[in-house]
file final.txt (compact mmCIF, C-alpha atoms)
# COMPACT_ATOMS: atom_id res chain seq x y z
CA MET A 1343 11.22 -56.00 -106.02
CA SER A 1344 12.95 -53.27 -104.08
CA ASP A 1345 16.38 -53.75 -102.58
CA ALA A 1346 16.41 -55.40 -99.14
CA PRO A 1347 15.56 -52.98 -96.33
CA THR A 1348 18.41 -51.35 -94.44
CA ALA A 1349 18.56 -51.37 -90.64
CA ALA A 1350 17.54 -47.70 -90.66
CA GLU A 1351 14.45 -48.56 -92.72
CA VAL A 1352 13.48 -51.44 -90.40
CA MET A 1353 13.82 -49.06 -87.46
CA ALA A 1354 11.75 -46.35 -89.15
CA VAL A 1355 8.98 -48.85 -89.90
CA ALA A 1356 9.09 -50.26 -86.34
CA PHE A 1357 8.57 -46.73 -85.04
CA ALA A 1358 5.98 -45.78 -87.67
CA ARG A 1359 3.78 -48.71 -86.70
CA ARG A 1360 3.81 -47.53 -83.09
CA LEU A 1361 2.39 -44.12 -84.04
CA HIS A 1362 -1.36 -43.57 -84.21
CA ASP A 1363 -3.60 -41.29 -86.21
CA GLY A 1364 -4.37 -38.00 -84.48
CA GLU A 1365 -1.38 -38.11 -82.15
CA THR A 1366 0.94 -35.20 -81.46
CA ILE A 1367 4.49 -36.34 -82.10
CA ALA A 1368 7.66 -34.37 -81.41
CA VAL A 1369 11.07 -35.14 -82.87
CA GLY A 1370 14.41 -33.68 -81.83
CA SER A 1371 16.74 -31.83 -84.13
CA VAL A 1372 19.13 -34.77 -84.65
CA SER A 1373 16.63 -37.61 -85.03
CA PRO A 1374 16.37 -38.46 -88.73
CA ILE A 1375 15.10 -42.03 -88.24
CA PRO A 1376 12.21 -41.02 -85.95
CA ALA A 1377 11.46 -38.13 -88.32
CA SER A 1378 11.25 -40.59 -91.24
CA ALA A 1379 8.96 -42.76 -89.10
CA CYS A 1380 6.62 -39.82 -88.48
CA LEU A 1381 6.51 -38.82 -92.14
CA LEU A 1382 5.92 -42.46 -93.11
CA ALA A 1383 3.12 -42.88 -90.56
CA ARG A 1384 1.51 -39.72 -91.87
CA ALA A 1385 1.71 -41.00 -95.45
CA THR A 1386 0.08 -44.31 -94.46
CA HIS A 1387 -2.13 -44.99 -91.44
CA ALA A 1388 -1.84 -41.70 -89.51
CA PRO A 1389 -2.71 -38.84 -91.88
CA GLY A 1390 -4.00 -36.77 -88.96
CA ALA A 1391 -0.83 -37.04 -86.85
CA ARG A 1392 0.61 -33.68 -85.89
CA LEU A 1393 4.38 -33.42 -86.22
CA ILE A 1394 6.64 -31.07 -84.34
CA LEU A 1395 10.18 -31.09 -85.70
CA LEU A 1396 12.33 -29.15 -83.25
CA GLY A 1397 14.74 -26.85 -85.02
CA ASN A 1398 12.59 -26.65 -88.16
CA PRO A 1399 10.43 -23.50 -88.26
CA ASP A 1400 8.18 -25.05 -90.94
CA HIS A 1401 7.15 -27.78 -88.48
CA PHE A 1402 7.13 -25.79 -85.23
CA PRO A 1403 3.52 -24.81 -84.48
CA PHE A 1404 4.29 -22.34 -81.68
CA ASN A 1405 5.17 -18.65 -81.57
CA GLY A 1406 6.56 -18.49 -78.04
CA GLY A 1407 9.86 -20.25 -78.56
CA MET A 1408 11.10 -23.46 -76.98
CA GLN A 1409 9.51 -22.30 -73.73
CA GLU A 1410 6.05 -22.66 -75.25
CA PHE A 1411 6.91 -26.11 -76.60
CA TYR A 1412 8.39 -27.16 -73.25
CA ASN A 1413 5.37 -26.02 -71.26
CA PHE A 1414 3.07 -27.73 -73.78
CA ALA A 1415 4.98 -30.97 -73.18
CA ILE A 1416 4.93 -30.54 -69.40
CA ARG A 1417 1.13 -30.24 -69.52
CA GLY A 1418 1.06 -33.70 -71.11
CA ARG A 1419 0.04 -32.52 -74.57
CA ILE A 1420 2.75 -34.47 -76.43
CA ASP A 1421 1.82 -38.09 -77.10
CA VAL A 1422 5.19 -39.23 -78.43
CA PHE A 1423 8.76 -37.97 -78.15
CA PHE A 1424 11.96 -39.57 -79.36
CA GLY A 1425 15.34 -39.41 -77.69
CA SER A 1426 18.68 -41.12 -77.97
CA GLY A 1427 20.39 -42.51 -74.90
CA ALA A 1428 24.19 -42.67 -74.74
CA GLN A 1429 23.76 -45.44 -72.17
CA ILE A 1430 20.65 -47.49 -71.43
CA ASP A 1431 20.43 -50.07 -68.65
CA GLN A 1432 18.28 -53.07 -67.89
CA HIS A 1433 15.85 -51.03 -65.79
CA GLY A 1434 15.22 -48.56 -68.61
CA ASN A 1435 17.27 -45.85 -66.92
CA PHE A 1436 19.03 -43.80 -69.56
CA ASN A 1437 21.97 -41.45 -69.62
CA LEU A 1438 22.23 -38.50 -71.93
CA SER A 1439 24.28 -36.35 -69.56
CA VAL A 1440 27.80 -37.57 -68.96
CA ILE A 1441 30.09 -40.58 -69.42
CA GLY A 1442 32.37 -41.17 -66.44
CA ASP A 1443 32.30 -39.15 -63.26
CA TYR A 1444 29.99 -36.09 -63.35
CA ALA A 1445 32.62 -33.78 -61.87
CA LYS A 1446 35.39 -35.01 -64.17
CA PRO A 1447 33.62 -36.48 -67.17
CA LYS A 1448 35.19 -38.47 -69.98
CA VAL A 1449 32.48 -37.11 -72.28
CA ARG A 1450 29.98 -34.37 -71.54
CA LEU A 1451 26.78 -35.06 -73.51
CA PRO A 1452 24.17 -32.60 -74.69
CA GLY A 1453 21.34 -33.83 -72.46
CA GLY A 1454 20.08 -31.05 -70.29
CA ARG A 1455 17.35 -30.55 -67.78
CA ALA A 1456 14.60 -31.03 -70.37
CA GLN A 1457 15.65 -34.68 -70.64
CA GLY A 1458 15.05 -34.92 -66.89
CA ALA A 1459 11.43 -33.81 -67.38
CA LEU A 1460 10.15 -34.86 -70.80
CA PRO A 1461 10.41 -38.62 -70.07
CA PHE A 1462 8.03 -38.05 -67.14
CA VAL A 1463 5.30 -36.19 -68.99
CA VAL A 1464 5.38 -37.33 -72.61
CA ARG A 1465 2.85 -40.20 -72.91
CA ARG A 1466 5.22 -42.48 -74.79
CA PHE A 1467 8.93 -41.76 -74.84
CA TYR A 1468 10.98 -43.78 -77.32
CA LEU A 1469 14.72 -44.21 -77.41
CA PHE A 1470 16.63 -45.14 -80.55
CA ARG A 1471 20.17 -46.33 -81.23
CA THR A 1472 21.68 -47.24 -84.57
CA ASP A 1473 24.62 -49.00 -82.87
CA HIS A 1474 23.43 -51.69 -80.46
CA THR A 1475 26.57 -52.46 -78.44
CA ARG A 1476 27.68 -53.29 -74.90
CA ARG A 1477 29.02 -49.75 -74.70
CA VAL A 1478 25.43 -48.47 -74.97
CA PHE A 1479 23.48 -51.27 -73.25
CA VAL A 1480 25.18 -51.37 -69.88
CA PRO A 1481 24.28 -53.10 -66.59
CA ARG A 1482 24.16 -49.71 -64.91
CA VAL A 1483 24.25 -46.22 -66.43
CA ASP A 1484 26.97 -43.82 -65.24
CA PHE A 1485 24.34 -41.12 -64.67
CA ILE A 1486 20.55 -41.34 -64.51
CA THR A 1487 19.28 -38.58 -66.78
CA ALA A 1488 15.82 -40.13 -66.47
CA PRO A 1489 14.79 -43.26 -64.56
CA GLY A 1490 12.93 -46.04 -66.36
CA THR A 1491 10.23 -46.17 -63.71
CA SER A 1492 9.19 -44.07 -60.71
CA PRO A 1493 7.37 -44.81 -57.44
CA PRO A 1494 3.58 -44.32 -57.61
CA GLU A 1495 3.56 -41.10 -55.57
CA VAL A 1496 5.72 -39.29 -58.17
CA TYR A 1497 3.77 -37.38 -60.83
CA ARG A 1498 4.51 -39.36 -63.95
CA PRO A 1499 1.69 -39.64 -66.46
CA GLY A 1500 4.10 -40.79 -69.19
CA GLY A 1501 7.44 -42.49 -69.62
CA LEU A 1502 9.69 -44.77 -71.60
CA ALA A 1503 7.73 -47.12 -73.85
CA ALA A 1504 10.36 -48.85 -75.98
CA VAL A 1505 13.90 -48.78 -77.32
CA VAL A 1506 14.44 -49.47 -81.01
CA THR A 1507 17.95 -50.34 -82.23
CA ASP A 1508 19.56 -51.70 -85.37
CA LEU A 1509 19.09 -55.22 -83.91
CA CYS A 1510 15.80 -55.35 -82.04
CA VAL A 1511 12.95 -53.73 -80.17
CA LEU A 1512 13.05 -53.65 -76.36
CA GLU A 1513 9.92 -52.72 -74.44
CA LEU A 1514 9.74 -51.49 -70.86
CA SER A 1515 7.73 -53.62 -68.44
CA ARG A 1516 6.62 -51.28 -65.65
CA GLU A 1517 5.50 -54.18 -63.43
CA ARG A 1518 8.85 -55.92 -63.67
CA ARG A 1519 10.80 -52.64 -63.90
CA ARG A 1520 12.96 -53.86 -66.74
CA LEU A 1521 13.47 -53.78 -70.48
CA GLU A 1522 12.33 -56.94 -72.25
CA LEU A 1523 13.05 -58.11 -75.77
CA ALA A 1524 9.89 -57.58 -77.85
CA SER A 1525 11.19 -58.54 -81.30
CA LEU A 1526 14.35 -59.21 -83.28
CA HIS A 1527 14.89 -57.59 -86.66
CA PRO A 1528 14.98 -59.90 -89.69
CA GLY A 1529 18.28 -61.81 -89.82
CA VAL A 1530 19.25 -61.12 -86.19
CA SER A 1531 19.51 -64.04 -83.76
CA LEU A 1532 18.92 -63.92 -80.03
CA ASP A 1533 22.57 -64.87 -79.52
CA ASP A 1534 23.70 -61.90 -81.66
CA ALA A 1535 21.55 -59.50 -79.68
CA GLN A 1536 22.62 -60.98 -76.34
CA ALA A 1537 26.31 -60.84 -77.30
CA ARG A 1538 25.96 -57.13 -77.91
CA THR A 1539 23.94 -56.35 -74.76
CA GLY A 1540 25.59 -55.81 -71.38
CA PHE A 1541 22.69 -57.27 -69.37
CA PRO A 1542 20.58 -60.44 -69.62
CA LEU A 1543 17.87 -60.17 -72.28
CA HIS A 1544 14.48 -61.37 -71.12
CA ALA A 1545 12.75 -62.79 -74.17
CA PRO A 1546 9.58 -64.75 -74.93
CA THR A 1547 9.97 -68.10 -76.72
CA PRO A 1548 9.97 -67.97 -79.62
CA VAL A 1549 11.08 -64.36 -80.02
CA PRO A 1550 8.79 -62.52 -82.47
CA ALA A 1551 10.37 -61.02 -85.58
CA THR A 1552 10.15 -57.27 -86.13
CA PRO A 1553 7.77 -56.86 -89.08
CA SER A 1554 9.62 -56.40 -92.37
CA PRO A 1555 8.85 -53.20 -94.24
CA THR A 1556 6.27 -53.69 -97.00
CA GLU A 1557 7.00 -52.74 -100.61
CA ARG A 1558 4.77 -49.70 -100.18
CA GLU A 1559 6.58 -48.59 -97.01
CA LEU A 1560 9.94 -48.95 -98.72
CA ASP A 1561 8.72 -46.99 -101.76
CA LEU A 1562 7.49 -44.19 -99.52
CA LEU A 1563 10.69 -44.16 -97.44
CA ARG A 1564 12.85 -44.05 -100.56
CA GLY A 1565 10.65 -41.51 -102.37
CA PRO A 1566 8.48 -38.80 -100.81
CA VAL A 1567 9.64 -39.30 -97.20
CA ARG A 1568 13.26 -39.02 -98.25
CA GLU A 1569 12.55 -35.88 -100.26
CA GLU A 1570 10.77 -34.23 -97.34
CA LEU A 1571 13.55 -35.30 -94.97
CA GLU A 1572 16.29 -33.92 -97.18
CA ALA A 1573 15.39 -30.32 -96.41
CA PHE A 1574 15.81 -31.05 -92.73
CA TYR A 1575 18.64 -33.58 -92.52
CA PRO A 1576 20.65 -33.19 -95.74
CA GLU A 1577 23.67 -35.02 -94.34
CA PHE A 1578 21.65 -38.02 -93.21
CA VAL A 1579 19.96 -38.33 -96.59
CA ARG A 1580 23.31 -38.06 -98.39
CA ALA A 1581 24.82 -40.76 -96.15
CA GLN A 1582 21.92 -43.11 -96.98
CA ALA A 1583 22.37 -42.65 -100.71
CA MET B 1240 13.65 -22.90 -68.60
CA SER B 1241 11.40 -23.03 -65.54
CA ALA B 1242 14.25 -21.52 -63.53
CA LEU B 1243 14.46 -18.60 -66.01
CA GLN B 1244 10.69 -18.20 -65.78
CA ALA B 1245 11.12 -17.90 -62.00
CA GLY B 1246 13.76 -15.23 -62.70
CA VAL B 1247 11.26 -13.38 -64.91
CA MET B 1248 8.74 -13.49 -62.03
CA ASN B 1249 11.34 -12.47 -59.42
CA VAL B 1250 10.48 -15.40 -57.15
CA PRO B 1251 13.31 -17.36 -55.46
CA PHE B 1252 12.49 -20.86 -56.71
CA VAL B 1253 10.04 -22.83 -58.77
CA PRO B 1254 8.54 -26.32 -58.43
CA VAL B 1255 9.17 -28.44 -61.53
CA ARG B 1256 7.90 -31.72 -62.90
CA GLY B 1257 10.33 -34.55 -63.48
CA LEU B 1258 13.83 -34.61 -61.92
CA LEU B 1259 12.85 -36.92 -59.02
CA GLY B 1260 14.82 -40.16 -59.23
CA THR B 1261 17.37 -38.65 -61.63
CA ASP B 1262 21.03 -38.12 -60.72
CA TYR B 1263 20.58 -34.37 -61.22
CA MET B 1264 19.15 -34.43 -57.69
CA LYS B 1265 22.49 -35.87 -56.48
CA VAL B 1266 24.93 -33.61 -58.32
CA ARG B 1267 22.94 -30.43 -57.76
CA PRO B 1268 22.52 -29.86 -54.01
CA ASP B 1269 20.50 -26.74 -54.84
CA PHE B 1270 17.81 -28.94 -56.43
CA LYS B 1271 15.60 -30.10 -53.56
CA GLU B 1272 12.71 -32.44 -53.03
CA ILE B 1273 9.81 -31.10 -50.96
CA ALA B 1274 6.29 -32.23 -50.21
CA ASN B 1275 3.70 -30.33 -52.24
CA PRO B 1276 2.30 -27.95 -49.56
CA TYR B 1277 -1.16 -28.30 -51.08
CA ASP B 1278 -1.09 -32.09 -51.34
CA PRO B 1279 1.61 -33.44 -49.00
CA ARG B 1280 1.33 -36.95 -50.45
CA GLU B 1281 3.04 -35.70 -53.60
CA PRO B 1282 6.83 -35.22 -53.62
CA ILE B 1283 8.00 -32.51 -56.02
CA ALA B 1284 11.36 -31.02 -57.02
CA ILE B 1285 12.17 -27.34 -56.60
CA VAL B 1286 14.97 -25.46 -58.36
CA PRO B 1287 16.34 -21.97 -57.66
CA ALA B 1288 15.50 -19.11 -59.99
CA ILE B 1289 18.01 -18.03 -62.64
CA ALA B 1290 18.34 -14.26 -62.94
CA PRO B 1291 21.51 -13.52 -64.92
CA ASP B 1292 23.41 -10.28 -64.40
CA VAL B 1293 24.04 -10.07 -68.13
CA ALA B 1294 22.47 -11.85 -71.09
CA VAL B 1295 23.89 -11.84 -74.61
CA PHE B 1296 21.99 -13.24 -77.57
CA HIS B 1297 22.17 -12.99 -81.34
CA GLY B 1298 19.24 -11.85 -83.50
CA TRP B 1299 18.41 -11.20 -87.13
CA ARG B 1300 17.49 -7.53 -86.99
CA GLY B 1301 17.53 -4.67 -84.51
CA ASP B 1302 16.13 -1.12 -84.70
CA ARG B 1303 17.02 2.23 -83.12
CA SER B 1304 14.50 1.73 -80.29
CA GLY B 1305 16.25 -1.48 -79.25
CA ASN B 1306 13.60 -3.82 -80.62
CA VAL B 1307 15.18 -7.06 -81.81
CA VAL B 1308 13.83 -9.89 -83.93
CA ALA B 1309 15.45 -13.25 -83.21
CA SER B 1310 14.82 -16.92 -83.87
CA GLN B 1311 11.98 -18.45 -81.85
CA ALA B 1312 14.30 -21.24 -80.79
CA ALA B 1313 16.63 -18.87 -78.92
CA ASP B 1314 14.01 -18.01 -76.29
CA ALA B 1315 15.51 -14.53 -76.34
CA LYS B 1316 12.44 -12.87 -74.88
CA LEU B 1317 12.49 -15.15 -71.83
CA ILE B 1318 16.22 -14.63 -71.32
CA ALA B 1319 15.89 -10.87 -71.81
CA GLN B 1320 13.18 -10.58 -69.16
CA ALA B 1321 15.09 -12.70 -66.64
CA SER B 1322 18.36 -10.74 -66.94
CA ARG B 1323 19.41 -7.42 -65.48
CA ARG B 1324 21.40 -6.24 -68.48
CA VAL B 1325 20.68 -7.46 -71.99
CA ILE B 1326 22.94 -7.18 -75.04
CA ALA B 1327 21.79 -8.28 -78.47
CA THR B 1328 24.12 -8.67 -81.43
CA VAL B 1329 22.27 -8.53 -84.75
CA GLU B 1330 22.89 -9.36 -88.40
CA GLU B 1331 21.47 -6.00 -89.50
CA LEU B 1332 20.34 -2.69 -88.04
CA VAL B 1333 17.23 -1.16 -89.63
CA ASP B 1334 15.77 2.33 -89.51
CA ASP B 1335 12.12 1.20 -89.45
CA ASN B 1336 10.57 0.52 -86.06
CA LEU B 1337 10.25 -3.26 -85.83
CA ALA B 1338 7.63 -3.15 -83.06
CA GLY B 1339 4.73 -2.32 -85.34
CA GLN B 1340 5.53 -4.87 -88.02
CA PRO B 1341 4.42 -8.44 -88.50
CA VAL B 1342 7.55 -10.53 -87.88
CA ARG B 1343 8.63 -14.08 -88.51
CA GLY B 1344 10.50 -15.01 -85.38
CA ALA B 1345 10.36 -13.59 -81.89
CA LEU B 1346 10.18 -9.84 -81.26
CA VAL B 1347 12.03 -8.82 -78.10
CA PRO B 1348 10.76 -5.34 -77.17
CA GLY B 1349 13.40 -2.61 -76.80
CA ILE B 1350 12.22 -1.86 -73.26
CA HIS B 1351 14.15 -4.97 -72.10
CA MET B 1352 17.35 -4.09 -73.95
CA THR B 1353 20.56 -2.48 -72.68
CA ALA B 1354 22.42 -2.42 -76.00
CA VAL B 1355 22.04 -3.59 -79.58
CA VAL B 1356 25.28 -4.26 -81.45
CA HIS B 1357 25.61 -4.53 -85.22
CA ALA B 1358 27.60 -7.74 -85.76
CA PRO B 1359 27.07 -9.42 -89.13
CA ARG B 1360 27.85 -13.16 -88.90
CA GLY B 1361 27.92 -12.64 -85.16
CA ALA B 1362 26.69 -16.17 -84.48
CA HIS B 1363 29.72 -17.72 -86.23
CA PRO B 1364 30.84 -20.54 -85.93
CA THR B 1365 27.30 -21.58 -84.96
CA ALA B 1366 24.38 -21.09 -87.32
CA CYS B 1367 22.10 -18.11 -87.78
CA HIS B 1368 18.91 -19.73 -89.04
CA GLY B 1369 17.99 -18.57 -92.52
CA ARG B 1370 21.27 -16.65 -92.93
CA TYR B 1371 24.14 -19.09 -92.69
CA PRO B 1372 24.71 -22.68 -91.52
CA VAL B 1373 27.04 -24.05 -88.86
CA ASP B 1374 30.72 -23.79 -89.82
CA ARG B 1375 31.55 -27.45 -89.20
CA ALA B 1376 35.22 -27.17 -90.07
CA HIS B 1377 35.67 -24.37 -87.55
CA LEU B 1378 33.77 -26.25 -84.83
CA GLN B 1379 35.98 -29.27 -85.46
CA GLU B 1380 39.03 -27.05 -85.06
CA TYR B 1381 37.56 -25.71 -81.82
CA ILE B 1382 36.87 -29.22 -80.48
CA GLU B 1383 40.44 -30.27 -81.21
CA ALA B 1384 41.83 -27.08 -79.67
CA ALA B 1385 39.75 -27.61 -76.53
CA GLN B 1386 41.61 -30.87 -75.73
CA SER B 1387 44.41 -29.15 -73.81
CA ASP B 1388 45.17 -25.78 -72.23
CA ALA B 1389 48.09 -25.20 -74.60
CA THR B 1390 46.13 -25.80 -77.80
CA PHE B 1391 43.18 -23.84 -76.45
CA LYS B 1392 45.42 -20.88 -75.69
CA ARG B 1393 46.64 -20.99 -79.29
CA TYR B 1394 42.99 -21.01 -80.45
CA LEU B 1395 42.19 -17.99 -78.27
CA ASP B 1396 45.25 -16.09 -79.50
CA ARG B 1397 44.42 -16.81 -83.11
CA TYR B 1398 40.66 -16.16 -83.11
CA VAL B 1399 39.80 -14.04 -80.08
CA LEU B 1400 42.68 -12.12 -78.49
CA GLY B 1401 44.69 -11.60 -81.64
CA THR B 1402 41.98 -10.39 -84.02
CA GLY B 1403 41.47 -6.84 -82.72
CA ASP B 1404 37.75 -6.60 -83.41
CA HIS B 1405 34.83 -8.37 -85.06
CA ALA B 1406 35.99 -7.37 -88.54
CA GLY B 1407 39.40 -8.84 -87.72
CA TYR B 1408 37.74 -12.06 -86.54
CA LEU B 1409 35.69 -12.34 -89.74
CA ALA B 1410 38.80 -11.75 -91.84
CA ARG B 1411 40.63 -14.46 -89.88
CA VAL B 1412 37.86 -17.06 -90.32
CA GLY B 1413 37.49 -16.24 -93.99
CA GLY B 1414 34.32 -14.17 -93.72

call {"tool": "encode", "arguments": {"input": "final.txt", "output": "structure tokens"}}
result
Amino acid sequence: MSDAPTAAEVMAVAFARRLHDGETIAVGSVSPIPASACLLARATHAPGARLILLGNPDHFPFNGGMQEFYNFAIRGRIDVFFGSGAQIDQHGNFNLSVIGDYAKPKVRLPGGRAQGALPFVVRRFYLFRTDHTRRVFVPRVDFITAPGTSPPEVYRPGGLAAVVTDLCVLELSRERRRLELASLHPGVSLDDAQARTGFPLHAPTPVPATPSPTERELDLLRGPVREELEAFYPEFVRAQA
Amino acid sequence: MSALQAGVMNVPFVPVRGLLGTDYMKVRPDFKEIANPYDPREPIAIVPAIAPDVAVFHGWRGDRSGNVVASQAADAKLIAQASRRVIATVEELVDDNLAGQPVRGALVPGIHMTAVVHAPRGAHPTACHGRYPVDRAHLQEYIEAAQSDATFKRYLDRYVLGTGDHAGYLARVGG
């Protein structure tokens, strides 16, 4: 038996199972958990998935710079993109721009204009957080970098699909314009998750459990996936060791 | 990026996807929502072109005709075309003409360039892909210095104003 899965491994598996064979998947330059998920999916059920790892020339299939990638995304050619929200609210609005007042911010975050466009055009946009807290999951974000949903007349072929954290998976309901609890990770209770969320969690009864990683998934994550990841995120891999 | 593309094309603005419903539309009065003139049912955002007076970027190699090879990720060719004057700093200057060679990276043709400057480790304290990584200790020092005007002035005196030239800077940062 392998050691019990870590929260990062549960998250990677939750993401991996949402990726499909043949999809084009893009991962940002500071997204080691989504990157592990992509490599894991490719080693299991999605051998034909195409990976774009921004910032890594070995996994960047363009020769016209970020502009070519950006335009490719705008044309709707990216099936899946992963981002991290500094704040996420109950309507699926997320903030990757600024904490506090925009003109006099407490923290200026790296989110730029691309984050105001990619969540509109990427088919499925996923957010991840390794620290599910009330500081992150707020009733209302300080700044809407991208809205959870848009009126029907706005061009929006894609959008937020789900948020995966160290506690649970939240999925966006477009009809109800809100995030809803889809599953709790093994060992996490609804009360735990609610206590660390700054808005009411809408959950089915009983709440499904996030699938536990299989032995094979854990072996892959701890072996070949980790080796491939090390070249790209050496500090993340060291911290996991 | 779209705004730079508009600068490259010398048009005053460009319609862009996304943005509608974001707070960028509130804090940037120059971002506007219009009706698509060709399909008025569709609202769309427009942003003004960006056409910088001067662009500065760092590349791997430059030659005597002003051709520069830089990382793809820098979008140097886009920036160079959008800007009126373009300065590239490079890790090395070479005698061979880079234009006729197969390159790994992005070739920015010399026709766009105003000046090419030989500046080894010129990207420091940020990374130059394939040459050197980010200097995390220095960035941390910068972040701490940036907390107040007084500490930032000390940073500037130590690393910028008080170093004389690039060689002096490299000596100061332990290059």

call {"tool": "interface_residues", "arguments": {"input": "final.txt", "of": "chain A", "to": "chain B", "cutoff": "9 Å", "atoms": "all atoms listed in the file", "output": "JSON list (two decimals) with C-alpha atoms, in the coordinates of the input"}}
result
[["chain", "number", "residue", "atom", "x", "y", "z"],
["A", 1396, "LEU", "CA", 12.33, -29.15, -83.25],
["A", 1397, "GLY", "CA", 14.74, -26.85, -85.02],
["A", 1399, "PRO", "CA", 10.43, -23.50, -88.26],
["A", 1404, "PHE", "CA", 4.29, -22.34, -81.68],
["A", 1405, "ASN", "CA", 5.17, -18.65, -81.57],
["A", 1406, "GLY", "CA", 6.56, -18.49, -78.04],
["A", 1407, "GLY", "CA", 9.86, -20.25, -78.56],
["A", 1408, "MET", "CA", 11.10, -23.46, -76.98],
["A", 1409, "GLN", "CA", 9.51, -22.30, -73.73],
["A", 1412, "TYR", "CA", 8.39, -27.16, -73.25],
["A", 1413, "ASN", "CA", 5.37, -26.02, -71.26],
["A", 1416, "ILE", "CA", 4.93, -30.54, -69.40],
["A", 1435, "ASN", "CA", 17.27, -45.85, -66.92],
["A", 1444, "TYR", "CA", 29.99, -36.09, -63.35],
["A", 1445, "ALA", "CA", 32.62, -33.78, -61.87],
["A", 1455, "ARG", "CA", 17.35, -30.55, -67.78],
["A", 1456, "ALA", "CA", 14.60, -31.03, -70.37],
["A", 1457, "GLN", "CA", 15.65, -34.68, -70.64],
["A", 1458, "GLY", "CA", 15.05, -34.92, -66.89],
["A", 1459, "ALA", "CA", 11.43, -33.81, -67.38],
["A", 1460, "LEU", "CA", 10.15, -34.86, -70.80],
["A", 1461, "PRO", "CA", 10.41, -38.62, -70.07],
["A", 1462, "PHE", "CA", 8.03, -38.05, -67.14],
["A", 1463, "VAL", "CA", 5.30, -36.19, -68.99],
["A", 1485, "PHE", "CA", 24.34, -41.12, -64.67],
["A", 1486, "ILE", "CA", 20.55, -41.34, -64.51],
["A", 1487, "THR", "CA", 19.28, -38.58, -66.78],
["A", 1488, "ALA", "CA", 15.82, -40.13, -66.47],
["A", 1489, "PRO", "CA", 14.79, -43.26, -64.56],
["A", 1491, "THR", "CA", 10.23, -46.17, -63.71],
["A", 1492, "SER", "CA", 9.19, -44.07, -60.71],
["A", 1493, "PRO", "CA", 7.37, -44.81, -57.44],
["A", 1495, "GLU", "CA", 3.56, -41.10, -55.57],
["A", 1496, "VAL", "CA", 5.72, -39.29, -58.17],
["A", 1497, "TYR", "CA", 3.77, -37.38, -60.83],
["A", 1498, "ARG", "CA", 4.51, -39.36, -63.95]]

call {"tool": "axis_aligned_box", "arguments": {"input": "final.txt", "around": "range 1369-1377 of chain A", "padding_each_side": "4 Å", "output": "AutoDock Vina command-line options"}}
result
--center_x 15.1 --center_y -36.9 --center_z -85.3 --size_x 16.1 --size_y 18.2 --size_z 14.9

call {"tool": "residues_around", "arguments": {"input": "final.txt", "residues": "range 1403-1412 of chain B", "least_positions_apart": "5", "cutoff": "8 Å", "atoms": "only C-alpha atoms", "output": "MDAnalysis selection string"}}
result
chainID B and resid 1358 1360 1398

call {"tool": "atom_distance", "arguments": {"input": "final.txt", "atom1": "CA of Gly1390 in chain A", "atom2": "CA of Pro1555 in chain A"}}
result
21.5 Å

call {"tool": "closest_residue", "arguments": {"input": "final.txt", "among": "B:Ala1242, B:Val1333, B:Ala1366, B:Ile1350", "to": "His1297 in chain B", "atoms": "all atoms listed in the file"}}
result
B:Ala1366

call {"tool": "atom_distance", "arguments": {"input": "final.txt", "atom1": "CA of Ala1284 in chain B", "atom2": "CA of Gly1500 in chain A"}}
result
17.2 Å

call {"tool": "residues_around", "arguments": {"input": "final.txt", "residues": "Pro1251 in chain B", "least_positions_apart": "5", "cutoff": "7 Å", "atoms": "only C-alpha atoms", "output": "ChimeraX atom specification"}}
result
/B:1245,1287-1288

call {"tool": "atom_distance", "arguments": {"input": "final.txt", "atom1": "CA of Asp1400 in chain A", "atom2": "CA of Val1342 in chain B"}}
result
14.9 Å

call {"tool": "residues_near_point", "arguments": {"input": "final.txt", "point": "(14.7, -12.4, -73.4)", "cutoff": "9 Å", "atoms": "only C-alpha atoms", "output": "VMD selection string"}}
result
chain B and resid 1294 1296 1313 to 1322 1325 1347 to 1348 1351 to 1352

call {"tool": "residues_around", "arguments": {"input": "final.txt", "residues": "Gly1364 in chain A", "least_positions_apart": "6", "cutoff": "8 Å", "atoms": "only C-alpha atoms", "output": "ChimeraX atom specification"}}
result
/A:1388-1392

call {"tool": "write_last_selection", "arguments": {"input": "final.txt", "atoms": "C-alpha atoms", "output": "short mmCIF file (atom, residue, chain, number, x, y, z; two decimals), keeping the file's coordinate frame"}}
result
data_model
loop_
_atom_site.label_atom_id
_atom_site.label_comp_id
_atom_site.auth_asym_id
_atom_site.auth_seq_id
_atom_site.Cartn_x
_atom_site.Cartn_y
_atom_site.Cartn_z
CA ALA A 1388 -1.84 -41.70 -89.51
CA PRO A 1389 -2.71 -38.84 -91.88
CA GLY A 1390 -4.00 -36.77 -88.96
CA ALA A 1391 -0.83 -37.04 -86.85
CA ARG A 1392 0.61 -33.68 -85.89
#

call {"tool": "residues_around", "arguments": {"input": "final.txt", "residues": "Ser1373 in chain A", "least_positions_apart": "5", "cutoff": "10 Å", "atoms": "all atoms listed in the file", "output": "MDAnalysis selection string"}}
result
chainID A and resid 1378 1395:1396 1424:1426 1470 1575 1578

call {"tool": "residues_around", "arguments": {"input": "final.txt", "residues": "Arg1419 in chain A", "least_positions_apart": "2", "cutoff": "12 Å", "atoms": "only C-alpha atoms", "output": "ChimeraX atom specification"}}
result
/A:1365-1368,1392,1394,1410-1417,1421-1423,1460,1463-1466,1499-1500
